[in-house]
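To start, the structure itself, in structure tokens.
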Amino acid sequence: MKYLTRVLVMLSIVSGIAACGSDGSDGTSGTDGTDGTNGAGQVIGLTQKGRYSSGVFDASAAEIVAYDKANNRTYVVNANSGHIDVLDNSDLSNVTLTTSISVADDLVAAGTVANTSVVGAANSVAVNGSIMAVAVEADPKTDDGWVMFYSTADNTLLRAVQVGALPDMLTFTPDASKVVVANEGEPDEGYANDPEGSVSVIKVSDYSVVNIGFTDFNSGGTRYSELPLSKMVIDGFDATVAESLEPEYIAVAADSAKAYVSLQENNAIAVIDLATNTVEKIFGLGFKDHSIPGNELDASQKDGVNIKNWPVMGVYMPDTISIFTSNGKTYLVTANEGDSRADWLKDITDQTACEASGYFFSTDDTECVDEFSAKDYYDSDNVTLVDSNGDPYITDSAGAAVHGGFGDDDGLYRLKFSYSLTVKKNGGTAFEKLYAYGARSFSIWDAETGLLVYDSGNDFERITAQIYGEDFNNDNTANVGDDRSDNKGPEPEALAIGVVNGHTYAFIGLERMGGIMVYDVSNPYAPEYVQYVNNRDVSVSFDATNFEEAGDLGPEGFAFVSAADSASGTPMLIAGNEVSGTTTFYSILTTALSQ
């Protein structure tokens, strides 16, 4: 739903009564006020200026990117290789790889670990001044990982600090005094080990670390009653709250006082007080009603373009989160990707234990399931979809329920949704609403209250369908049109916020469909769509041998570079594309509009 503001203009009329006697002399002139912000309209456009290809397909060879303005370089997370690639982008027409940093080798050389076998993937990179920080997971990922600090002058290791399990993202505070780390604490397959999620705060001056956990929020804990359970998701296989909470991404307030941490699988955001290193609060994001006009979605990959209202609630579950201020107020921006625990549940073969945790057990596949569709698991009305009167939602010409009311390929038969959450919210297996992963949008939230102030509604699917027709909602490893409609659609994931000539813009990457959506969010209550840029060629049939012909695939991480920090004096957006293994550089060109 898009939230629009009404602008009330109040006119104040002051009536004066003429006084007797002569007018007094004029007073002395006051001092000039400060200049206001540039209110003139403008149009921006992204133009590709440079690109580097790792030559590696579908192996996370270019995920997160960070710009080093002092040396005009870009650091790129080459995740599965365990390297940080260092690109020289001084000449955007010829971006080159200058070196590749092996984090595992550096940990061994520093004496932090005995051998490289206990070191997993690099997950995140950030640069501030002369220091570059990297988040590195352990092998196995359920062990505690590390944050590694490097000098950007010569890429030498300064210090390695142990943090929590699976450090997935890190960022410097704006005042450069701290690094804040999201330790996801993801379980292994089959839930043999499920570490608690946590947030680490590292003091840059002495590398001291504080780990902030969530055990006080466990059932029976001192803060359990504070959880907004009706607006968030607490699940997991036989998991405590602290094990269920999985920090994903971090945004820090401009004054470096608070960090906002997306808890993706939990559909919530934790607010961290960085002065006391404590959890201030957790707020739930609630759910997006796809039955409301403006929130339509395509629910099937077998019906072409069929964007319409359905009795579906989108679970925002944001991955990337960012932050900006407008008129002195702080707002959060989220890319509402959605995520399930399917990969970790499938190896659970104990039916009783699976069902006790609220999940569906597939006796055919002998696996525990939360990512449910009627196509895969409907059998003899084990679940049904009904209207508010309890009647089947979709019927045939004779009035009989079609697949329990889910319908056929042009209905909700194929839509993947969370079984556990849908059962919980409907109070049983007769469903009036299905709770599906993600919201297929970006949203803006009041950082103080956690209330939604804007959501882009059906924009992403509608715009891409207008451009690509039935090739919209494509997957990122093959050109198969409509392929992701049943499962999170275009899947917004990457996100960056940047200010250009006084205007604040949001850049949102669509992980599956590819491309970048651009919005002017200067007025957070009424953002304006600006542009969609996508260099992908959906007509090419490709695989690992010719993927370069398809363009950029799977945008995972963005970095905005301001005009002041850019060597050219023109703002840039840098995109890491994990499936094509490419890093792409866009100049942001501006055209002023006359008032």
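Residue numbers start at 1 in each chain; chains themselves are named A, B, ... in the order of the structure tokens; ligands are numbered from 1 in the order shown.
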
- Message: Using only C-alpha atoms, which protein or nucleic acid residues come within 7 Å of Thr349 (chain A)? Drop anything in the same chain fewer than 4 positions from it, and give the result as a VMD selection string.
- Response: chain A and resid 366 to 368

Residues from the last selection, N, CA, C and O atoms, saved as a PDB file, in the first residue's frame:
```pdb
ATOM      1  N   THR A 366      10.291 -37.356   2.855  1.00  0.00           N
ATOM      2  CA  THR A 366      10.920 -37.572   4.165  1.00  0.00           C
ATOM      3  C   THR A 366      11.740 -36.353   4.568  1.00  0.00           C
ATOM      4  O   THR A 366      12.940 -36.430   4.883  1.00  0.00           O
ATOM      5  N   GLU A 367      11.083 -35.219   4.569  1.00  0.00           N
ATOM      6  CA  GLU A 367      11.768 -34.005   4.975  1.00  0.00           C
ATOM      7  C   GLU A 367      10.797 -33.021   5.616  1.00  0.00           C
ATOM      8  O   GLU A 367       9.582 -33.052   5.368  1.00  0.00           O
ATOM      9  N   CYS A 368      11.380 -32.154   6.436  1.00  0.00           N
ATOM     10  CA  CYS A 368      10.631 -31.127   7.144  1.00  0.00           C
ATOM     11  C   CYS A 368      10.502 -29.899   6.242  1.00  0.00           C
ATOM     12  O   CYS A 368      11.480 -29.471   5.617  1.00  0.00           O
TER      13      CYS A 368
END
```

Would you pick out the contacts of Glu196 (chain A) at 7 Å or less, using only C-alpha atoms, so that residues sharing its chain but fewer than 6 positions from it are not included, and give the list as an mmCIF file with N, CA, C and O atoms, in the first residue's frame?
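Written file, result.cif:
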```cif
data_model
loop_
_atom_site.group_PDB
_atom_site.id
_atom_site.type_symbol
_atom_site.label_atom_id
_atom_site.label_comp_id
_atom_site.auth_asym_id
_atom_site.auth_seq_id
_atom_site.Cartn_x
_atom_site.Cartn_y
_atom_site.Cartn_z
ATOM 1 N N GLY A 185 24.311 -16.185 12.894
ATOM 2 C CA GLY A 185 24.035 -17.362 13.717
ATOM 3 C C GLY A 185 23.142 -18.373 13.040
ATOM 4 O O GLY A 185 22.296 -19.009 13.681
ATOM 5 N N ALA A 242 16.574 -16.412 21.031
ATOM 6 C CA ALA A 242 17.926 -15.969 20.687
ATOM 7 C C ALA A 242 18.505 -16.787 19.531
ATOM 8 O O ALA A 242 19.290 -16.267 18.731
ATOM 9 N N GLU A 243 18.119 -18.048 19.429
ATOM 10 C CA GLU A 243 18.562 -18.869 18.302
ATOM 11 C C GLU A 243 17.780 -18.534 17.037
ATOM 12 O O GLU A 243 18.306 -18.606 15.924
#
```

- Message: Can you pull out the residues contacting Leu412 (chain A)? Cut-off 7 Å, using only C-alpha atoms, and skip same-chain residues under 3 positions away; I want them as a ChimeraX atom specification.
- Response: /A:299-300,406-408,415

Output N, CA and C atoms for every residue in the selection just made, as a short mmCIF file (atom, residue, chain, number, x, y, z; two decimals), in the first residue's frame.
```
data_model
loop_
_atom_site.label_atom_id
_atom_site.label_comp_id
_atom_site.auth_asym_id
_atom_site.auth_seq_id
_atom_site.Cartn_x
_atom_site.Cartn_y
_atom_site.Cartn_z
N ALA A 299 1.31 -14.54 -8.81
CA ALA A 299 1.51 -15.65 -7.87
C ALA A 299 1.88 -16.97 -8.52
N SER A 300 2.02 -17.00 -9.85
CA SER A 300 2.29 -18.28 -10.52
C SER A 300 3.28 -18.08 -11.66
N PHE A 406 -7.29 -23.61 -3.73
CA PHE A 406 -6.11 -22.90 -4.21
C PHE A 406 -6.16 -22.64 -5.72
N GLY A 407 -7.00 -23.38 -6.42
CA GLY A 407 -7.13 -23.18 -7.85
C GLY A 407 -6.07 -23.92 -8.64
N ASP A 408 -5.94 -23.52 -9.92
CA ASP A 408 -4.98 -24.14 -10.81
C ASP A 408 -3.78 -23.22 -11.03
N LEU A 415 1.94 -20.84 -5.57
CA LEU A 415 2.60 -19.85 -4.72
C LEU A 415 3.25 -20.50 -3.50
#
```

- Task: Give me the residues within 7 Å of Thr320 (chain A) as a PyMOL selection string, counting only C-alpha atoms and dropping any in the same chain fewer than 5 places off.
- Result: chain A and resi 249+334-335+493-495

- Task: DSSP on the backbone, then: every residue of region 444-555 of chain A marked alpha helix (DSSP H), written as a list in words.
- Result: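 The alpha helix (DSSP H) residues within region 444-555 of chain A come out as Asp459, Phe460, Glu461, Arg462, Ile463, Thr464, Ala465, Gln466, Ile467 and Tyr468 of chain A.
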
- Message: Can you tell me which residues surround region 54-70 of chain A at a distance of at most 6 Å, considering only C-alpha atoms, apart from same-chain residues fewer than 2 positions away, and format the answer as a PyMOL selection string?
- Response: chain A and resi 72-79+124+126+544+556-557+565+576-582

Preceding selection exported with N, CA and C atoms as a PDB file, in the first residue's frame:
```pdb
ATOM      1  N   ASN A  72      41.376   5.389  -4.992  1.00  0.00           N
ATOM      2  CA  ASN A  72      40.555   5.187  -6.187  1.00  0.00           C
ATOM      3  C   ASN A  72      40.485   3.707  -6.558  1.00  0.00           C
ATOM      4  N   ARG A  73      40.106   2.906  -5.535  1.00  0.00           N
ATOM      5  CA  ARG A  73      39.998   1.465  -5.712  1.00  0.00           C
ATOM      6  C   ARG A  73      38.648   0.979  -5.192  1.00  0.00           C
ATOM      7  N   THR A  74      38.287  -0.191  -5.631  1.00  0.00           N
ATOM      8  CA  THR A  74      37.076  -0.836  -5.137  1.00  0.00           C
ATOM      9  C   THR A  74      37.431  -2.230  -4.630  1.00  0.00           C
ATOM     10  N   TYR A  75      36.997  -2.505  -3.396  1.00  0.00           N
ATOM     11  CA  TYR A  75      37.186  -3.834  -2.813  1.00  0.00           C
ATOM     12  C   TYR A  75      35.907  -4.649  -3.040  1.00  0.00           C
ATOM     13  N   VAL A  76      36.084  -5.868  -3.520  1.00  0.00           N
ATOM     14  CA  VAL A  76      34.950  -6.715  -3.891  1.00  0.00           C
ATOM     15  C   VAL A  76      35.053  -8.049  -3.162  1.00  0.00           C
ATOM     16  N   VAL A  77      33.966  -8.452  -2.505  1.00  0.00           N
ATOM     17  CA  VAL A  77      33.929  -9.755  -1.843  1.00  0.00           C
ATOM     18  C   VAL A  77      33.748 -10.846  -2.880  1.00  0.00           C
ATOM     19  N   ASN A  78      34.782 -11.673  -3.031  1.00  0.00           N
ATOM     20  CA  ASN A  78      34.725 -12.861  -3.871  1.00  0.00           C
ATOM     21  C   ASN A  78      34.499 -14.019  -2.899  1.00  0.00           C
ATOM     22  N   ALA A  79      33.237 -14.227  -2.540  1.00  0.00           N
ATOM     23  CA  ALA A  79      32.871 -14.960  -1.327  1.00  0.00           C
ATOM     24  C   ALA A  79      33.395 -16.384  -1.273  1.00  0.00           C
ATOM     25  N   SER A 124      31.507  -9.801   3.873  1.00  0.00           N
ATOM     26  CA  SER A 124      31.221  -8.370   3.808  1.00  0.00           C
ATOM     27  C   SER A 124      32.526  -7.590   3.881  1.00  0.00           C
ATOM     28  N   ALA A 126      34.021  -3.309   4.210  1.00  0.00           N
ATOM     29  CA  ALA A 126      33.727  -1.882   4.387  1.00  0.00           C
ATOM     30  C   ALA A 126      35.043  -1.130   4.490  1.00  0.00           C
ATOM     31  N   ALA A 544      27.331 -21.644 -18.119  1.00  0.00           N
ATOM     32  CA  ALA A 544      28.648 -21.244 -17.634  1.00  0.00           C
ATOM     33  C   ALA A 544      29.638 -20.955 -18.751  1.00  0.00           C
ATOM     34  N   GLU A 556      23.853  -8.047  -5.887  1.00  0.00           N
ATOM     35  CA  GLU A 556      23.869  -8.430  -4.478  1.00  0.00           C
ATOM     36  C   GLU A 556      24.195  -7.272  -3.549  1.00  0.00           C
ATOM     37  N   GLY A 557      25.120  -6.401  -3.973  1.00  0.00           N
ATOM     38  CA  GLY A 557      25.537  -5.307  -3.107  1.00  0.00           C
ATOM     39  C   GLY A 557      25.842  -4.048  -3.898  1.00  0.00           C
ATOM     40  N   ASP A 565      33.507  12.450  -3.298  1.00  0.00           N
ATOM     41  CA  ASP A 565      34.429  11.319  -3.139  1.00  0.00           C
ATOM     42  C   ASP A 565      34.854  10.694  -4.460  1.00  0.00           C
ATOM     43  N   GLY A 576      27.862  -4.954  -7.258  1.00  0.00           N
ATOM     44  CA  GLY A 576      28.437  -6.292  -7.286  1.00  0.00           C
ATOM     45  C   GLY A 576      27.363  -7.281  -7.679  1.00  0.00           C
ATOM     46  N   ASN A 577      27.616  -8.061  -8.719  1.00  0.00           N
ATOM     47  CA  ASN A 577      26.620  -9.001  -9.258  1.00  0.00           C
ATOM     48  C   ASN A 577      27.113 -10.427  -9.044  1.00  0.00           C
ATOM     49  N   GLU A 578      26.474 -11.143  -8.111  1.00  0.00           N
ATOM     50  CA  GLU A 578      27.027 -12.413  -7.642  1.00  0.00           C
ATOM     51  C   GLU A 578      26.945 -13.553  -8.649  1.00  0.00           C
ATOM     52  N   VAL A 579      25.937 -13.590  -9.489  1.00  0.00           N
ATOM     53  CA  VAL A 579      25.797 -14.708 -10.417  1.00  0.00           C
ATOM     54  C   VAL A 579      26.716 -14.541 -11.633  1.00  0.00           C
ATOM     55  N   SER A 580      26.764 -13.339 -12.200  1.00  0.00           N
ATOM     56  CA  SER A 580      27.657 -13.096 -13.344  1.00  0.00           C
ATOM     57  C   SER A 580      29.089 -12.821 -12.903  1.00  0.00           C
ATOM     58  N   GLY A 581      29.319 -12.618 -11.606  1.00  0.00           N
ATOM     59  CA  GLY A 581      30.661 -12.364 -11.110  1.00  0.00           C
ATOM     60  C   GLY A 581      31.249 -11.063 -11.620  1.00  0.00           C
ATOM     61  N   THR A 582      30.384 -10.080 -11.834  1.00  0.00           N
ATOM     62  CA  THR A 582      30.819  -8.810 -12.417  1.00  0.00           C
ATOM     63  C   THR A 582      30.648  -7.663 -11.432  1.00  0.00           C
TER      64      THR A 582
END
```

- Considering only C-alpha atoms, return as a list of chain:residue names whatever protein or nucleic-acid residues lie within 7 Å of region 154-165 of chain A, sequence-local ones (same chain, fewer than 2 positions apart) excluded.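 Everything that qualifies: A:Lys141, A:Thr142, A:Asp143, A:Asp144, A:Gly145, A:Trp146, A:Val147, A:Met148, A:Phe149, A:Tyr150, A:Ser151, A:Thr152, A:Pro167, A:Asn183, A:Glu184, A:Gly185, A:Pro195, A:Ser198, A:Ser200.
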
- Message: If DSSP is run on the backbone, what residues of region 240-349 of chain A are strand (DSSP E)? A reply as a PyMOL selection string would be ideal.
- Response: chain A and resi 247-252+258-263+268-273+278-284+287-289+312-315+321-326+329-335

Set the distance at 10 Å and use only C-alpha atoms: which residues neighbour Glu448 (chain A) once local chain neighbours fewer than 2 positions away are removed? I'd like the list as a short mmCIF file (atom, residue, chain, number, x, y, z; two decimals) with N, CA and C atoms, in the first residue's frame.
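Saved file result-v6.cif follows:
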```cif
data_model
loop_
_atom_site.label_atom_id
_atom_site.label_comp_id
_atom_site.auth_asym_id
_atom_site.auth_seq_id
_atom_site.Cartn_x
_atom_site.Cartn_y
_atom_site.Cartn_z
N VAL A 271 17.07 -2.43 17.48
CA VAL A 271 17.71 -1.12 17.65
C VAL A 271 18.77 -1.27 18.74
N PHE A 283 11.45 -3.97 16.97
CA PHE A 283 10.10 -3.72 16.46
C PHE A 283 9.83 -4.61 15.25
N LYS A 329 14.36 14.28 10.76
CA LYS A 329 13.81 13.02 11.24
C LYS A 329 14.50 11.86 10.53
N THR A 330 14.71 10.76 11.24
CA THR A 330 15.42 9.62 10.70
C THR A 330 14.47 8.56 10.16
N TYR A 331 14.80 8.06 8.98
CA TYR A 331 13.98 7.03 8.33
C TYR A 331 14.87 5.84 7.93
N LEU A 332 14.28 4.67 7.98
CA LEU A 332 14.94 3.46 7.52
C LEU A 332 14.35 3.04 6.17
N TRP A 445 10.45 3.40 6.66
CA TRP A 445 9.91 3.26 8.01
C TRP A 445 10.38 4.41 8.89
N ASP A 446 9.53 4.83 9.80
CA ASP A 446 9.92 5.79 10.83
C ASP A 446 10.87 5.08 11.79
N GLY A 450 9.00 2.75 14.22
CA GLY A 450 8.93 1.51 13.47
C GLY A 450 7.71 1.43 12.56
N LEU A 451 6.98 2.52 12.40
CA LEU A 451 5.78 2.51 11.57
C LEU A 451 6.12 2.70 10.10
#
```

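Ranking A:Ser340, A:Ser441, A:Ser539, A:Thr545 by their shortest atom-to-atom distance to Met517 (chain A), with only C-alpha atoms included, puts A:Ser441 first.
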
Each region 302-341 of chain A residue no farther than 8 Å from region 253-263 of chain A, nearest pair in Å, only C-alpha atoms, as JSON lines:
```
{"residue": "A:Met317", "atom": "CA", "partner": "A:Leu263", "partner_atom": "CA", "distance": 7.5}
{"residue": "A:Pro318", "atom": "CA", "partner": "A:Ser262", "partner_atom": "CA", "distance": 6.7}
{"residue": "A:Asp319", "atom": "CA", "partner": "A:Ser262", "partner_atom": "CA", "distance": 6.8}
{"residue": "A:Thr320", "atom": "CA", "partner": "A:Ser262", "partner_atom": "CA", "distance": 7.5}
{"residue": "A:Ile321", "atom": "CA", "partner": "A:Ser262", "partner_atom": "CA", "distance": 6.6}
{"residue": "A:Ile323", "atom": "CA", "partner": "A:Ala253", "partner_atom": "CA", "distance": 7.0}
{"residue": "A:Phe324", "atom": "CA", "partner": "A:Ala254", "partner_atom": "CA", "distance": 7.9}
{"residue": "A:Thr330", "atom": "CA", "partner": "A:Ala253", "partner_atom": "CA", "distance": 7.7}
```

Using only C-alpha atoms, please write the residues we just selected to a file, as a compact mmCIF listing (two decimals), in the first residue's frame.
```txt
# COMPACT_ATOMS: atom_id res chain seq x y z
CA MET A 317 11.73 -9.93 5.71
CA PRO A 318 14.20 -7.30 4.48
CA ASP A 319 17.79 -8.14 3.65
CA THR A 320 19.58 -4.82 3.08
CA ILE A 321 18.63 -1.88 5.26
CA ILE A 323 19.08 5.07 6.59
CA PHE A 324 18.61 8.77 5.85
CA THR A 330 15.42 9.62 10.70
```

- Which is closest to Leu589 (chain A) among A:Asn295, A:Asn336, A:Asn267, A:Gln48, if we use only C-alpha atoms? A:Gln48

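Reported to one decimal place, the separation of CA of Ile516 (chain A) from CA of Asp409 (chain A) is 29.6 Å.
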